Amino acid sequence: MSDSTLTAPQTDEVVHGVKLTDTAADKVRSLLDQEGRDDLRLRIAVQPGGCSGLIYQLYFDERVLDGDLVKEFGDVELVVDKMSEPYLDGASIDFEDTIQKQGFTIDNPNAQGSCACGDSFH
């Protein structure tokens, strides 16, 4: 007897655990539209520095490097390098547009402390 059950194809693609809110994805899409670019991805990384030990880097990148982890949020790709992923797993990127603050924010459950500027953590 043959089994006629269809199974989903196996994928070896590894994705990261960083989330991008709908508001942040909409802002990224808007910024890319303003630039007239559809070949860029949003990249988040951590680097040594800042007053607390590590600093976030959030920027547009046209490259996907070997070992990068990519996750799609609609038509926006969010890239995390392999070294940064353990520090960012479970983090969420949002966009605030209020009278007090405008910009991307990062809520990272892995951060054990941060400085007053909110850009660095340990």
# chains A, B, ... in the order shown; residues from 1 in each chain; ligands from 1
>>> residues_around(residues="Thr105 of chain A", least_positions_apart="4", cutoff="12 Å", atoms="only C-alpha atoms", output="list in words")
Lys19, Leu20, Thr21, Thr23, Ala24, Ile44, Tyr56, Gln57, Leu58, Ala91, Ser92, Ile93, Asp94, Phe95, Glu96, Asp97, Lys101, Cys117, Gly118, Asp119 and Ser120 of chain A
>>> residues_around(residues="Val70 of chain A", least_positions_apart="5", cutoff="6 Å", atoms="only C-alpha atoms", output="list of chain:residue names")
A:Val15, A:Leu78, A:Val79
>>> residues_around(residues="Ser84 of chain A", least_positions_apart="3", cutoff="10 Å", atoms="only C-alpha atoms", output="PDB file with N, CA, C and O atoms, in the first residue's frame")
ATOM      1  N   HIS A  16      16.546  33.454  12.585  1.00  0.00           N
ATOM      2  CA  HIS A  16      16.868  33.980  13.911  1.00  0.00           C
ATOM      3  C   HIS A  16      15.592  34.216  14.707  1.00  0.00           C
ATOM      4  O   HIS A  16      14.486  34.122  14.179  1.00  0.00           O
ATOM      5  N   ILE A  44      20.486  43.943  11.948  1.00  0.00           N
ATOM      6  CA  ILE A  44      20.745  44.286  13.341  1.00  0.00           C
ATOM      7  C   ILE A  44      21.928  43.453  13.800  1.00  0.00           C
ATOM      8  O   ILE A  44      22.039  42.267  13.472  1.00  0.00           O
ATOM      9  N   ALA A  45      22.826  44.096  14.539  1.00  0.00           N
ATOM     10  CA  ALA A  45      24.017  43.419  15.041  1.00  0.00           C
ATOM     11  C   ALA A  45      24.381  44.027  16.388  1.00  0.00           C
ATOM     12  O   ALA A  45      23.873  45.081  16.765  1.00  0.00           O
ATOM     13  N   VAL A  46      25.234  43.331  17.104  1.00  0.00           N
ATOM     14  CA  VAL A  46      25.808  43.905  18.317  1.00  0.00           C
ATOM     15  C   VAL A  46      27.316  43.963  18.128  1.00  0.00           C
ATOM     16  O   VAL A  46      27.905  43.111  17.475  1.00  0.00           O
ATOM     17  N   GLN A  47      27.910  45.011  18.680  1.00  0.00           N
ATOM     18  CA  GLN A  47      29.349  45.221  18.619  1.00  0.00           C
ATOM     19  C   GLN A  47      29.840  45.623  19.997  1.00  0.00           C
ATOM     20  O   GLN A  47      29.097  46.229  20.766  1.00  0.00           O
ATOM     21  N   TYR A  56      24.067  48.272  20.038  1.00  0.00           N
ATOM     22  CA  TYR A  56      23.279  47.813  18.900  1.00  0.00           C
ATOM     23  C   TYR A  56      23.683  48.573  17.648  1.00  0.00           C
ATOM     24  O   TYR A  56      23.951  49.770  17.703  1.00  0.00           O
ATOM     25  N   ASP A  68      24.923  34.407   7.811  1.00  0.00           N
ATOM     26  CA  ASP A  68      23.840  35.310   8.210  1.00  0.00           C
ATOM     27  C   ASP A  68      22.530  34.545   8.345  1.00  0.00           C
ATOM     28  O   ASP A  68      22.267  33.587   7.618  1.00  0.00           O
ATOM     29  N   LEU A  69      21.704  34.993   9.276  1.00  0.00           N
ATOM     30  CA  LEU A  69      20.383  34.419   9.492  1.00  0.00           C
ATOM     31  C   LEU A  69      19.359  35.445   9.022  1.00  0.00           C
ATOM     32  O   LEU A  69      19.422  36.607   9.417  1.00  0.00           O
ATOM     33  N   VAL A  80      20.467  38.952  10.733  1.00  0.00           N
ATOM     34  CA  VAL A  80      21.269  38.920  11.954  1.00  0.00           C
ATOM     35  C   VAL A  80      22.486  38.055  11.667  1.00  0.00           C
ATOM     36  O   VAL A  80      22.344  36.945  11.143  1.00  0.00           O
ATOM     37  N   ASP A  81      23.671  38.553  12.007  1.00  0.00           N
ATOM     38  CA  ASP A  81      24.853  37.727  11.807  1.00  0.00           C
ATOM     39  C   ASP A  81      24.935  36.661  12.897  1.00  0.00           C
ATOM     40  O   ASP A  81      24.343  36.790  13.968  1.00  0.00           O
ATOM     41  N   TYR A  87      22.923  37.042  21.387  1.00  0.00           N
ATOM     42  CA  TYR A  87      22.662  38.244  22.188  1.00  0.00           C
ATOM     43  C   TYR A  87      21.295  38.850  21.872  1.00  0.00           C
ATOM     44  O   TYR A  87      20.764  39.635  22.654  1.00  0.00           O
ATOM     45  N   LEU A  88      20.746  38.517  20.686  1.00  0.00           N
ATOM     46  CA  LEU A  88      19.519  39.147  20.213  1.00  0.00           C
ATOM     47  C   LEU A  88      18.319  38.208  20.172  1.00  0.00           C
ATOM     48  O   LEU A  88      17.201  38.649  19.898  1.00  0.00           O
ATOM     49  N   ASP A  89      18.519  36.926  20.445  1.00  0.00           N
ATOM     50  CA  ASP A  89      17.437  35.952  20.358  1.00  0.00           C
ATOM     51  C   ASP A  89      16.289  36.349  21.289  1.00  0.00           C
ATOM     52  O   ASP A  89      16.478  36.539  22.479  1.00  0.00           O
TER      53      ASP A  89
END
>>> closest_residue(among="A:Leu40, A:Ser30, A:Lys82, A:Gln102", to="Leu65 of chain A", atoms="only C-alpha atoms")
A:Lys82
>>> atom_distance(atom1="atom CA of Gly53 of chain A", atom2="atom CA of Gly17 of chain A")
21.8 Å
>>> atom_distance(atom1="atom CA of Tyr59 of chain A", atom2="atom CA of Arg41 of chain A")
8.3 Å
>>> select_by_dssp(residues="segment 13-75 of chain A", states="strand (DSSP E or B)", output="VMD selection string")
chain A and resid 19 to 20 41 to 49 53 to 61 69 to 73
